[in-house]
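Next comes work38.txt, with compact mmCIF, C-alpha atoms and all ligand atoms.
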# COMPACT_ATOMS: atom_id res chain seq x y z
CA MET A 1 -37.08 40.87 6.39
CA ALA A 2 -40.12 41.04 8.66
CA TYR A 3 -39.43 41.08 12.41
CA GLU A 4 -35.75 41.82 11.85
CA LYS A 5 -35.56 44.25 14.78
CA GLU A 6 -37.55 41.95 17.07
CA LYS A 7 -35.29 39.06 16.17
CA GLU A 8 -32.06 40.98 16.78
CA ILE A 9 -33.24 42.36 20.14
CA ALA A 10 -34.51 38.95 21.23
CA ILE A 11 -31.15 37.38 20.36
CA ALA A 12 -29.26 40.04 22.31
CA ALA A 13 -31.57 39.72 25.33
CA VAL A 14 -31.54 35.92 25.45
CA THR A 15 -27.78 35.73 24.89
CA GLY A 16 -27.19 38.14 27.81
CA ALA A 17 -29.51 36.10 30.02
CA ALA A 18 -27.81 32.83 29.05
CA LEU A 19 -24.38 34.32 29.87
CA LEU A 20 -25.72 35.27 33.28
CA CYS A 21 -26.97 31.72 33.89
CA GLN A 22 -23.61 30.28 32.89
CA GLU A 23 -21.81 32.69 35.22
CA VAL A 24 -24.04 31.68 38.12
CA ARG A 25 -23.29 28.02 37.48
CA ARG A 26 -19.56 28.74 37.21
CA GLN A 27 -19.29 30.84 40.36
CA MET A 28 -21.61 29.20 42.84
CA VAL A 29 -23.66 26.14 43.52
CA PRO A 30 -27.04 27.71 42.86
CA GLU A 31 -29.47 27.16 45.68
CA ALA A 32 -33.14 26.60 45.13
CA MET A 33 -35.53 29.00 46.78
CA ALA A 34 -39.07 27.64 46.95
CA LYS A 35 -41.92 29.56 45.36
CA GLN A 36 -45.47 29.50 46.68
CA ASP A 37 -46.31 26.56 44.41
CA ARG A 38 -43.21 24.84 45.93
CA SER A 39 -41.39 24.83 42.58
CA PRO A 40 -37.75 25.99 42.69
CA VAL A 41 -36.33 29.35 41.60
CA THR A 42 -32.71 30.58 41.77
CA VAL A 43 -30.83 33.87 41.54
CA ALA A 44 -30.21 32.99 37.88
CA ASP A 45 -33.94 32.76 37.07
CA PHE A 46 -34.46 36.25 38.53
CA GLY A 47 -31.33 37.68 36.94
CA ALA A 48 -32.12 36.28 33.50
CA GLN A 49 -35.65 37.70 33.67
CA ALA A 50 -34.29 41.13 34.66
CA VAL A 51 -31.87 41.18 31.70
CA VAL A 52 -34.44 40.15 29.10
CA CYS A 53 -37.26 42.38 30.39
CA LYS A 54 -35.01 45.45 30.67
CA THR A 55 -33.76 44.96 27.10
CA LEU A 56 -37.24 44.42 25.64
CA ARG A 57 -38.83 47.32 27.54
CA GLU A 58 -36.20 49.75 26.28
CA LEU A 59 -36.70 48.84 22.63
CA PHE A 60 -40.41 47.94 22.64
CA PRO A 61 -41.91 50.04 25.45
CA ASN A 62 -45.49 49.24 24.48
CA ASP A 63 -45.19 45.46 24.32
CA PRO A 64 -46.46 43.51 27.34
CA ILE A 65 -44.16 40.77 28.61
CA VAL A 66 -45.66 37.64 30.14
CA ALA A 67 -42.85 36.02 32.10
CA GLU A 68 -42.69 33.27 34.68
CA GLU A 69 -41.14 35.04 37.66
CA ASP A 70 -42.10 38.09 39.67
CA ALA A 71 -40.16 40.09 42.24
CA ALA A 72 -42.72 40.28 45.07
CA GLU A 73 -40.90 37.83 47.33
CA LEU A 74 -37.48 39.09 46.31
CA LYS A 75 -38.41 42.52 47.71
CA THR A 76 -39.00 41.17 51.23
CA ALA A 77 -36.37 41.76 53.93
CA ALA A 78 -35.67 38.03 54.21
CA MET A 79 -34.48 38.04 50.59
CA ALA A 80 -32.01 40.93 50.86
CA LYS A 81 -29.01 38.66 50.32
CA PRO A 82 -30.28 36.80 47.25
CA LEU A 83 -31.46 40.13 45.81
CA GLN A 84 -27.95 41.51 46.26
CA GLN A 85 -26.59 38.48 44.40
CA VAL A 86 -29.12 38.86 41.58
CA SER A 87 -28.16 42.50 41.26
CA GLN A 88 -24.43 41.66 41.05
CA TYR A 89 -24.93 39.08 38.32
CA VAL A 90 -27.16 41.45 36.33
CA GLN A 91 -24.55 44.21 36.71
CA ALA A 92 -22.05 42.09 34.80
CA ILE A 93 -24.42 42.29 31.80
CA ILE A 94 -26.09 45.69 32.43
CA PRO A 95 -23.73 47.90 34.45
CA GLU A 96 -26.37 50.29 35.83
CA ALA A 97 -28.24 47.51 37.65
CA THR A 98 -29.02 48.00 41.36
CA PRO A 99 -31.30 45.96 43.65
CA GLU A 100 -34.04 48.56 43.10
CA THR A 101 -33.82 48.65 39.31
CA VAL A 102 -33.50 44.87 39.10
CA THR A 103 -36.78 44.22 40.92
CA ARG A 104 -38.47 46.80 38.69
CA TRP A 105 -37.10 45.12 35.55
CA ILE A 106 -38.24 41.68 36.76
CA ASP A 107 -41.74 43.04 37.27
CA TYR A 108 -41.90 44.27 33.66
CA GLY A 109 -42.64 40.58 33.16
CA ASN A 110 -46.05 40.86 34.87
CA GLY A 111 -47.83 41.75 31.62
CA SER A 112 -50.90 40.04 30.18
CA VAL A 113 -51.62 38.13 27.02
CA GLY A 114 -53.01 40.53 24.40
CA PRO A 115 -52.96 41.22 20.65
CA ARG A 116 -49.15 41.44 20.72
CA TYR A 117 -47.00 40.21 23.60
CA TRP A 118 -43.69 38.59 24.46
CA THR A 119 -43.53 35.50 26.63
CA LEU A 120 -40.41 34.56 28.58
CA ASP A 121 -39.18 31.64 30.62
CA PRO A 122 -35.94 33.05 32.06
CA ILE A 123 -34.83 29.53 32.98
CA ASP A 124 -36.92 26.71 31.66
CA GLY A 125 -35.94 23.52 33.46
CA THR A 126 -34.82 25.08 36.73
CA LYS A 127 -34.58 21.54 38.10
CA GLY A 128 -32.19 20.67 35.27
CA PHE A 129 -30.19 23.83 35.94
CA LEU A 130 -29.84 22.80 39.59
CA ARG A 131 -28.80 19.26 38.62
CA ASN A 132 -26.19 20.56 36.16
CA ASP A 133 -28.28 19.14 33.30
CA GLN A 134 -30.19 20.81 30.47
CA TYR A 135 -32.00 24.13 30.78
CA ALA A 136 -33.07 26.86 28.38
CA VAL A 137 -33.77 30.58 28.17
CA ALA A 138 -36.93 30.84 26.06
CA LEU A 139 -38.40 33.99 24.52
CA ALA A 140 -41.13 34.38 21.91
CA LEU A 141 -43.19 37.13 20.32
CA VAL A 142 -46.89 36.38 19.76
CA GLU A 143 -49.25 38.43 17.59
CA ALA A 144 -52.96 37.66 17.28
CA GLY A 145 -52.29 34.27 18.83
CA GLU A 146 -49.62 33.37 16.27
CA ILE A 147 -45.99 32.96 17.36
CA LYS A 148 -43.90 35.20 15.09
CA VAL A 149 -40.40 35.02 16.56
CA GLY A 150 -38.75 32.51 18.88
CA VAL A 151 -35.28 32.51 20.41
CA LEU A 152 -34.21 29.57 22.53
CA ALA A 153 -30.81 29.37 24.24
CA CYS A 154 -29.68 25.94 25.42
CA PRO A 155 -26.31 26.55 27.12
CA ALA A 156 -25.71 22.91 28.07
CA LEU A 157 -26.92 21.27 24.86
CA THR A 158 -24.35 19.62 22.59
CA ILE A 159 -25.05 19.14 18.89
CA GLY A 160 -22.15 17.94 16.76
CA ASP A 161 -18.99 19.56 18.14
CA THR A 162 -20.79 22.52 19.69
CA THR A 163 -21.95 22.86 23.28
CA GLY A 164 -24.21 25.84 23.89
CA ILE A 165 -26.75 26.30 21.12
CA LEU A 166 -28.95 29.23 20.18
CA PHE A 167 -32.06 28.37 18.15
CA ILE A 168 -33.73 31.19 16.23
CA ALA A 169 -36.94 31.14 14.19
CA VAL A 170 -39.06 33.76 12.43
CA ARG A 171 -42.47 32.79 11.03
CA GLY A 172 -42.17 31.92 7.37
CA ALA A 173 -38.41 32.40 7.32
CA GLY A 174 -37.15 29.05 8.64
CA ALA A 175 -35.16 28.09 11.70
CA VAL A 176 -31.43 28.22 12.36
CA MET A 177 -29.04 27.26 15.11
CA GLN A 178 -25.76 28.91 15.94
CA PRO A 179 -23.17 28.55 18.68
CA LEU A 180 -24.25 30.52 21.74
CA SER A 181 -20.68 31.81 22.00
CA GLY A 182 -20.87 33.31 18.50
CA GLY A 183 -20.36 31.88 15.05
CA SER A 184 -22.34 31.41 11.91
CA ALA A 185 -25.96 30.37 11.70
CA GLN A 186 -26.85 27.07 10.12
CA SER A 187 -30.30 26.26 8.82
CA ILE A 188 -31.98 23.32 10.61
CA GLN A 189 -34.46 20.69 9.48
CA VAL A 190 -36.30 17.96 11.36
CA ALA A 191 -35.10 14.40 10.69
CA ALA A 192 -36.89 12.22 8.15
CA SER A 193 -38.37 9.00 9.52
CA ILE A 194 -35.98 6.93 7.38
CA ASP A 195 -33.10 8.46 9.37
CA TRP A 196 -32.92 5.47 11.71
CA ALA A 197 -30.16 6.81 13.93
CA HIS A 198 -32.47 9.67 14.93
CA PHE A 199 -35.77 7.76 14.92
CA ARG A 200 -36.18 8.14 18.67
CA PHE A 201 -38.14 10.31 21.09
CA VAL A 202 -37.46 12.79 23.85
CA GLU A 203 -39.34 13.36 27.11
CA SER A 204 -38.85 15.09 30.48
CA VAL A 205 -36.43 13.86 33.09
CA GLU A 206 -39.04 14.69 35.72
CA SER A 207 -41.54 11.84 35.77
CA GLY A 208 -44.13 14.17 37.34
CA HIS A 209 -44.11 16.45 34.26
CA GLY A 210 -45.60 13.84 31.99
CA ASN A 211 -46.74 10.24 31.77
CA GLN A 212 -43.66 8.23 30.91
CA GLU A 213 -45.49 4.92 30.75
CA GLN A 214 -48.04 6.21 28.24
CA GLN A 215 -45.35 8.12 26.36
CA SER A 216 -43.32 4.99 25.70
CA ALA A 217 -46.44 3.04 24.69
CA ILE A 218 -47.41 5.76 22.18
CA ALA A 219 -43.88 6.04 20.81
CA GLN A 220 -43.87 2.27 20.26
CA ALA A 221 -47.21 2.46 18.49
CA ALA A 222 -45.60 5.00 16.15
CA GLY A 223 -42.87 2.47 15.40
CA ILE A 224 -40.15 3.85 17.68
CA THR A 225 -38.26 1.03 19.33
CA ALA A 226 -35.28 2.95 20.76
CA ASP A 227 -35.27 4.09 24.40
CA SER A 228 -36.26 7.69 25.03
CA LEU A 229 -33.74 10.47 25.50
CA ARG A 230 -34.64 12.23 28.72
CA MET A 231 -33.77 15.89 28.99
CA ASP A 232 -35.00 18.90 30.90
CA SER A 233 -36.49 22.03 29.38
CA GLN A 234 -37.34 23.16 25.86
CA ALA A 235 -33.98 21.72 24.78
CA LYS A 236 -36.35 18.87 23.77
CA TYR A 237 -37.89 21.11 21.10
CA GLY A 238 -34.37 22.00 19.96
CA ALA A 239 -33.51 18.31 19.69
CA VAL A 240 -36.52 17.65 17.42
CA ALA A 241 -35.92 20.79 15.34
CA ALA A 242 -32.26 19.93 14.76
CA GLY A 243 -33.12 16.35 13.76
CA GLU A 244 -31.66 14.68 16.85
CA ALA A 245 -35.02 13.01 17.56
CA VAL A 246 -38.32 12.73 15.67
CA LEU A 247 -40.79 13.04 18.54
CA TYR A 248 -41.29 14.82 21.88
CA LEU A 249 -44.20 13.62 23.97
CA ARG A 250 -45.58 15.45 26.99
CA LEU A 251 -48.77 13.74 28.09
CA PRO A 252 -50.68 14.78 31.23
CA SER A 253 -49.27 13.27 34.39
CA PRO A 254 -51.68 11.02 36.30
CA LYS A 255 -50.45 12.86 39.41
CA SER A 256 -51.62 16.26 38.14
CA PRO A 257 -54.36 15.57 35.56
CA ASP A 258 -55.64 19.16 35.76
CA TYR A 259 -52.27 20.81 35.12
CA ARG A 260 -52.40 23.30 32.28
CA GLU A 261 -49.20 23.97 30.37
CA LYS A 262 -47.78 27.52 30.53
CA ILE A 263 -47.25 29.55 27.37
CA TRP A 264 -43.59 30.31 28.22
CA ASP A 265 -42.84 26.59 28.48
CA HIS A 266 -43.70 26.11 24.78
CA ALA A 267 -43.92 29.24 22.59
CA ALA A 268 -40.25 29.55 21.61
CA GLY A 269 -39.84 25.82 21.13
CA VAL A 270 -42.99 25.51 19.01
CA ILE A 271 -41.94 28.05 16.38
CA VAL A 272 -38.42 26.63 16.20
CA VAL A 273 -39.82 23.15 15.46
CA GLU A 274 -42.49 24.40 13.03
CA GLU A 275 -39.99 26.47 11.07
CA ALA A 276 -37.67 23.46 10.94
CA GLY A 277 -40.46 21.57 9.16
CA GLY A 278 -42.01 19.80 12.15
CA ARG A 279 -45.48 19.86 13.64
CA VAL A 280 -46.84 20.66 17.12
CA THR A 281 -50.34 19.99 18.46
CA ASP A 282 -51.91 18.95 21.71
CA MET A 283 -52.77 15.26 22.26
CA THR A 284 -56.13 15.67 20.53
CA GLY A 285 -54.56 17.22 17.43
CA ARG A 286 -55.51 20.84 18.18
CA PRO A 287 -52.95 23.57 17.64
CA LEU A 288 -51.64 25.12 20.88
CA ASP A 289 -53.72 28.22 21.63
CA PHE A 290 -51.50 31.13 22.69
CA SER A 291 -54.32 33.71 22.48
CA GLN A 292 -56.03 33.11 25.82
CA SER A 293 -53.90 33.55 28.93
CA ALA A 294 -50.63 32.53 30.53
CA LYS A 295 -51.93 28.97 30.48
CA LEU A 296 -52.79 26.86 27.44
CA VAL A 297 -56.35 26.51 28.75
CA ASN A 298 -57.65 25.00 25.50
CA ASN A 299 -55.06 22.24 25.25
CA ARG A 300 -54.14 18.99 26.97
CA GLY A 301 -50.75 17.39 26.54
CA VAL A 302 -48.26 18.28 23.81
CA VAL A 303 -47.11 16.29 20.76
CA VAL A 304 -44.08 17.57 18.85
CA SER A 305 -42.89 15.66 15.80
CA ASN A 306 -41.03 15.68 12.52
CA GLY A 307 -44.46 16.03 10.86
CA GLU A 308 -44.22 12.73 9.02
CA ILE A 309 -45.21 10.59 12.02
CA HIS A 310 -47.62 13.10 13.57
CA ASP A 311 -50.92 11.59 12.40
CA LYS A 312 -49.79 8.13 13.42
CA VAL A 313 -48.99 9.41 16.92
CA LEU A 314 -52.35 11.18 17.18
CA ALA A 315 -54.15 8.05 16.00
CA ALA A 316 -52.39 6.01 18.69
CA LEU A 317 -53.55 8.56 21.27
CA GLN A 318 -57.24 8.28 20.30
N1 LIG A 401 -47.49 18.64 36.43
C1 LIG A 401 -46.79 19.18 35.45
N2 LIG A 401 -46.97 18.79 34.18
C2 LIG A 401 -46.24 19.35 33.18
N3 LIG A 401 -45.31 20.31 33.37
C3 LIG A 401 -45.11 20.77 34.62
C4 LIG A 401 -45.82 20.22 35.71
N4 LIG A 401 -45.41 20.86 36.83
C5 LIG A 401 -44.48 21.76 36.46
N5 LIG A 401 -44.29 21.71 35.12
C6 LIG A 401 -43.38 22.54 34.30
O1 LIG A 401 -42.50 21.75 33.55
C7 LIG A 401 -41.43 22.61 33.12
C8 LIG A 401 -40.17 21.83 33.01
O2 LIG A 401 -40.40 20.82 32.09
P1 LIG A 401 -39.36 19.67 31.82
O3 LIG A 401 -39.58 18.63 32.87
O4 LIG A 401 -39.73 19.23 30.46
O5 LIG A 401 -38.02 20.28 31.91
C9 LIG A 401 -41.34 23.69 34.15
O6 LIG A 401 -41.48 24.94 33.51
C10 LIG A 401 -42.45 23.41 35.11
O7 LIG A 401 -43.16 24.52 35.49
P2 LIG A 401 -42.81 25.29 36.84
O8 LIG A 401 -41.58 26.07 36.56
O9 LIG A 401 -43.98 26.16 37.05
O10 LIG A 401 -42.56 24.24 37.90
MG MG A 402 -40.45 26.38 32.32
MG MG A 403 -38.66 28.83 34.52
MG MG A 404 -40.28 27.37 37.29

Any chance you could put this one into structure tokens?
Ligand SMILES: Nc1ncnc2c1ncn2[C@@H]1O[C@H](COP(=O)(O)O)[C@@H](O)[C@H]1OP(=O)(O)O
Ligand SMILES: [Mg+2]
Ligand SMILES: [Mg+2]
Ligand SMILES: [Mg+2]
Amino acid sequence: MAYEKEKEIAIAAVTGAALLCQEVRRQMVPEAMAKQDRSPVTVADFGAQAVVCKTLRELFPNDPIVAEEDAAELKTAAMAKPLQQVSQYVQAIIPEATPETVTRWIDYGNGSVGPRYWTLDPIDGTKGFLRNDQYAVALALVEAGEIKVGVLACPALTIGDTTGILFIAVRGAGAVMQPLSGGSAQSIQVAASIDWAHFRFVESVESGHGNQEQQSAIAQAAGITADSLRMDSQAKYGAVAAGEAVLYLRLPSPKSPDYREKIWDHAAGVIVVEEAGGRVTDMTGRPLDFSQSAKLVNNRGVVVSNGEIHDKVLAALQ
């Protein structure tokens, strides 16, 4: 099958990173360090990025990686203690890790969007991670602007009897989920609109990451009467792909109308939903454009659906 090696390496890398995140949550109350944009980052974000970037670089030395974090601040004297912690957590996954190698591995993620690149969010939903809610490790491979492979770990997500889900998709080959702790893969499909129990929508917990008022108005216009499920991170894409909800709305927040979505916040989730039979566009109906830069400069808002209700949602947005 095409992209077999990429898929296997991505699964190994993301699983290692997710284990690291779970260990951090088990062993300490992760503290938020503030980045320059005032958004939070933790030792787990840095550690997860080191694990994934090190694994990818070894197997695909020529592929750029466009990842959320970078190690510049972590290298400063004031950060010696958190760096030591990052290094210890990475060591549990990759024994040769030291503070020096770990910062180098993190900075492998400073690559640029090009004809073929990986994009990584080592922890998507850091605020959810800190609140003990949902978060995800999200990795995707993009070629010529088209997402080819996506692997999305959701360690806190429960579907059926399983908590800790790994979503995997390869372009043209469908999407599966499997227990993060190991076990067999199961093919996934979005829910049909007649599936009333799942005819509901998902949105962010953080009100500043969307427009909750408009989101509920649009969902209602599409015939959804149930309350939204609020969850952090790309776990929302997983919920739509696995048929737990039929719609995910992320409309520009009135508080940050000029915010542009980042590629790592969407790429893995998009291919998982598309390969599960769903549809993803921006709020004007355009496909998300992953060919430009780390930001989705050509898109505003994101609409993720089971496909069936997509045009109705777009019409309500016009
Ligand atoms: N104004 C905003 N609008 C939409 N998304 C945002 C905004 N500010 C931050 N984000 C991003 O939302 C993501 C989390 O989404 P969710 O609320 O669905 O879990 C984070 O990756 C975060 O990026 P960042 O990590 O740069 O803060
Ligand atoms: Mg994110
Ligand atoms: Mg992140
Ligand atoms: Mg962040």

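Nearest residue to Leu180 (chain A), choosing from A:Leu288, A:Ala2, A:Thr15, A:Ser253 and counting only C-alpha atoms: A:Thr15.
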
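If you measure from each of A:Ile94, A:Leu296, A:Ala34, A:Met231 to ligand LIG 401 (chain A) using only C-alpha atoms and all ligand atoms, the closest one turns out to be A:Met231.
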
Output the neighbourhood of ligand LIG 401 (chain A) as a PDB file with C-alpha atoms, keeping the file's coordinate frame, that is, all protein and nucleic acid residues with some atom at most 9 Å from the ligand, counting only C-alpha atoms and all ligand atoms.
ATOM      1  CA  ASP A  37     -46.310  26.560  44.410  1.00  0.00           C
ATOM      2  CA  ARG A  38     -43.210  24.840  45.930  1.00  0.00           C
ATOM      3  CA  SER A  39     -41.390  24.830  42.580  1.00  0.00           C
ATOM      4  CA  PRO A  40     -37.750  25.990  42.690  1.00  0.00           C
ATOM      5  CA  VAL A  41     -36.330  29.350  41.600  1.00  0.00           C
ATOM      6  CA  GLU A  68     -42.690  33.270  34.680  1.00  0.00           C
ATOM      7  CA  ASP A 121     -39.180  31.640  30.620  1.00  0.00           C
ATOM      8  CA  ILE A 123     -34.830  29.530  32.980  1.00  0.00           C
ATOM      9  CA  ASP A 124     -36.920  26.710  31.660  1.00  0.00           C
ATOM     10  CA  GLY A 125     -35.940  23.520  33.460  1.00  0.00           C
ATOM     11  CA  THR A 126     -34.820  25.080  36.730  1.00  0.00           C
ATOM     12  CA  LYS A 127     -34.580  21.540  38.100  1.00  0.00           C
ATOM     13  CA  GLY A 128     -32.190  20.670  35.270  1.00  0.00           C
ATOM     14  CA  GLN A 134     -30.190  20.810  30.470  1.00  0.00           C
ATOM     15  CA  TYR A 135     -32.000  24.130  30.780  1.00  0.00           C
ATOM     16  CA  ALA A 136     -33.070  26.860  28.380  1.00  0.00           C
ATOM     17  CA  GLU A 203     -39.340  13.360  27.110  1.00  0.00           C
ATOM     18  CA  SER A 204     -38.850  15.090  30.480  1.00  0.00           C
ATOM     19  CA  VAL A 205     -36.430  13.860  33.090  1.00  0.00           C
ATOM     20  CA  GLU A 206     -39.040  14.690  35.720  1.00  0.00           C
ATOM     21  CA  SER A 207     -41.540  11.840  35.770  1.00  0.00           C
ATOM     22  CA  GLY A 208     -44.130  14.170  37.340  1.00  0.00           C
ATOM     23  CA  HIS A 209     -44.110  16.450  34.260  1.00  0.00           C
ATOM     24  CA  GLY A 210     -45.600  13.840  31.990  1.00  0.00           C
ATOM     25  CA  ASN A 211     -46.740  10.240  31.770  1.00  0.00           C
ATOM     26  CA  ARG A 230     -34.640  12.230  28.720  1.00  0.00           C
ATOM     27  CA  MET A 231     -33.770  15.890  28.990  1.00  0.00           C
ATOM     28  CA  ASP A 232     -35.000  18.900  30.900  1.00  0.00           C
ATOM     29  CA  SER A 233     -36.490  22.030  29.380  1.00  0.00           C
ATOM     30  CA  GLN A 234     -37.340  23.160  25.860  1.00  0.00           C
ATOM     31  CA  ALA A 235     -33.980  21.720  24.780  1.00  0.00           C
ATOM     32  CA  LYS A 236     -36.350  18.870  23.770  1.00  0.00           C
ATOM     33  CA  ARG A 250     -45.580  15.450  26.990  1.00  0.00           C
ATOM     34  CA  LEU A 251     -48.770  13.740  28.090  1.00  0.00           C
ATOM     35  CA  PRO A 252     -50.680  14.780  31.230  1.00  0.00           C
ATOM     36  CA  SER A 253     -49.270  13.270  34.390  1.00  0.00           C
ATOM     37  CA  PRO A 254     -51.680  11.020  36.300  1.00  0.00           C
ATOM     38  CA  LYS A 255     -50.450  12.860  39.410  1.00  0.00           C
ATOM     39  CA  SER A 256     -51.620  16.260  38.140  1.00  0.00           C
ATOM     40  CA  PRO A 257     -54.360  15.570  35.560  1.00  0.00           C
ATOM     41  CA  ASP A 258     -55.640  19.160  35.760  1.00  0.00           C
ATOM     42  CA  TYR A 259     -52.270  20.810  35.120  1.00  0.00           C
ATOM     43  CA  ARG A 260     -52.400  23.300  32.280  1.00  0.00           C
ATOM     44  CA  GLU A 261     -49.200  23.970  30.370  1.00  0.00           C
ATOM     45  CA  LYS A 262     -47.780  27.520  30.530  1.00  0.00           C
ATOM     46  CA  TRP A 264     -43.590  30.310  28.220  1.00  0.00           C
ATOM     47  CA  ASP A 265     -42.840  26.590  28.480  1.00  0.00           C
ATOM     48  CA  GLY A 301     -50.750  17.390  26.540  1.00  0.00           C
TER      49      GLY A 301
END

- Item | Shell around Met33 (chain A) at 12 Å using all atoms listed in the file, local window under 6 positions removed, as a count of residues only | 17

- Which of these residues is nearest to ligand MG 404 (chain A), using only C-alpha atoms and all ligand atoms: A:Val170, A:Ala32, A:Ala242, A:Ala10? A:Ala32

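For the residues A:Val137, A:Ala222, A:Val246, A:Ala175, ranking by smallest atom-to-atom distance to ligand MG 403 (chain A) using all atoms listed in the file places A:Val137 first.
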
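Using only C-alpha atoms, the shortest contact distance between Gly278 (chain A) and any of A:Met177, A:Val66, A:Ile93, A:Ile309 is found at A:Ile309.
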
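In terms of minimum interatomic distance to Ile147 (chain A), A:Ile263 ranks closest within A:Ala192, A:Ile263, A:Ala294, A:Ala67, counting all atoms listed in the file.
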
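Reported to one decimal place, the separation of CA of Thr163 (chain A) from CA of Pro30 (chain A) is 20.8 Å.
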
- Task: Find the residues near Thr119 (chain A): any atom within 12 Å, counting only C-alpha atoms, skip ones fewer than 4 places away on the same chain, and give them as a ChimeraX atom specification.
- Result: /A:10,49,52-53,56,63-69,108-114,137-143,145,147-152,262-269,290-291,293-295

Missing atoms in region 65-79 of chain A should be modelled up to N, CA and C atoms and reported as a PDB file, keeping the file's coordinate frame.
ATOM      1  N   ILE A  65     -45.004  41.962  28.471  1.00  0.00           N
ATOM      2  CA  ILE A  65     -44.160  40.770  28.610  1.00  0.00           C
ATOM      3  C   ILE A  65     -44.809  39.859  29.643  1.00  0.00           C
ATOM      4  N   VAL A  66     -45.059  38.626  29.242  1.00  0.00           N
ATOM      5  CA  VAL A  66     -45.660  37.640  30.140  1.00  0.00           C
ATOM      6  C   VAL A  66     -44.564  36.648  30.509  1.00  0.00           C
ATOM      7  N   ALA A  67     -44.009  36.826  31.713  1.00  0.00           N
ATOM      8  CA  ALA A  67     -42.850  36.020  32.100  1.00  0.00           C
ATOM      9  C   ALA A  67     -43.170  35.215  33.346  1.00  0.00           C
ATOM     10  N   GLU A  68     -42.357  34.187  33.583  1.00  0.00           N
ATOM     11  CA  GLU A  68     -42.690  33.270  34.680  1.00  0.00           C
ATOM     12  C   GLU A  68     -42.537  33.884  36.063  1.00  0.00           C
ATOM     13  N   GLU A  69     -41.438  34.624  36.283  1.00  0.00           N
ATOM     14  CA  GLU A  69     -41.140  35.040  37.660  1.00  0.00           C
ATOM     15  C   GLU A  69     -41.714  36.411  37.981  1.00  0.00           C
ATOM     16  N   ASP A  70     -41.855  36.705  39.286  1.00  0.00           N
ATOM     17  CA  ASP A  70     -42.100  38.090  39.670  1.00  0.00           C
ATOM     18  C   ASP A  70     -41.316  38.389  40.944  1.00  0.00           C
ATOM     19  N   ALA A  71     -41.142  39.692  41.223  1.00  0.00           N
ATOM     20  CA  ALA A  71     -40.160  40.090  42.240  1.00  0.00           C
ATOM     21  C   ALA A  71     -40.768  40.294  43.621  1.00  0.00           C
ATOM     22  N   ALA A  72     -42.053  39.982  43.786  1.00  0.00           N
ATOM     23  CA  ALA A  72     -42.720  40.280  45.070  1.00  0.00           C
ATOM     24  C   ALA A  72     -41.929  39.720  46.260  1.00  0.00           C
ATOM     25  N   GLU A  73     -41.593  38.432  46.197  1.00  0.00           N
ATOM     26  CA  GLU A  73     -40.900  37.830  47.330  1.00  0.00           C
ATOM     27  C   GLU A  73     -39.474  38.357  47.479  1.00  0.00           C
ATOM     28  N   LEU A  74     -38.865  38.621  46.313  1.00  0.00           N
ATOM     29  CA  LEU A  74     -37.480  39.090  46.310  1.00  0.00           C
ATOM     30  C   LEU A  74     -37.349  40.447  47.005  1.00  0.00           C
ATOM     31  N   LYS A  75     -38.452  41.184  47.090  1.00  0.00           N
ATOM     32  CA  LYS A  75     -38.410  42.520  47.710  1.00  0.00           C
ATOM     33  C   LYS A  75     -38.541  42.448  49.226  1.00  0.00           C
ATOM     34  N   THR A  76     -38.822  41.263  49.781  1.00  0.00           N
ATOM     35  CA  THR A  76     -39.000  41.170  51.230  1.00  0.00           C
ATOM     36  C   THR A  76     -37.625  41.189  51.931  1.00  0.00           C
ATOM     37  N   ALA A  77     -37.629  41.613  53.179  1.00  0.00           N
ATOM     38  CA  ALA A  77     -36.370  41.760  53.930  1.00  0.00           C
ATOM     39  C   ALA A  77     -35.604  40.450  53.991  1.00  0.00           C
ATOM     40  N   ALA A  78     -36.320  39.344  54.103  1.00  0.00           N
ATOM     41  CA  ALA A  78     -35.670  38.030  54.210  1.00  0.00           C
ATOM     42  C   ALA A  78     -34.848  37.696  52.968  1.00  0.00           C
ATOM     43  N   MET A  79     -35.145  38.372  51.861  1.00  0.00           N
ATOM     44  CA  MET A  79     -34.480  38.040  50.590  1.00  0.00           C
ATOM     45  C   MET A  79     -33.402  39.060  50.219  1.00  0.00           C
TER      46      MET A  79
END
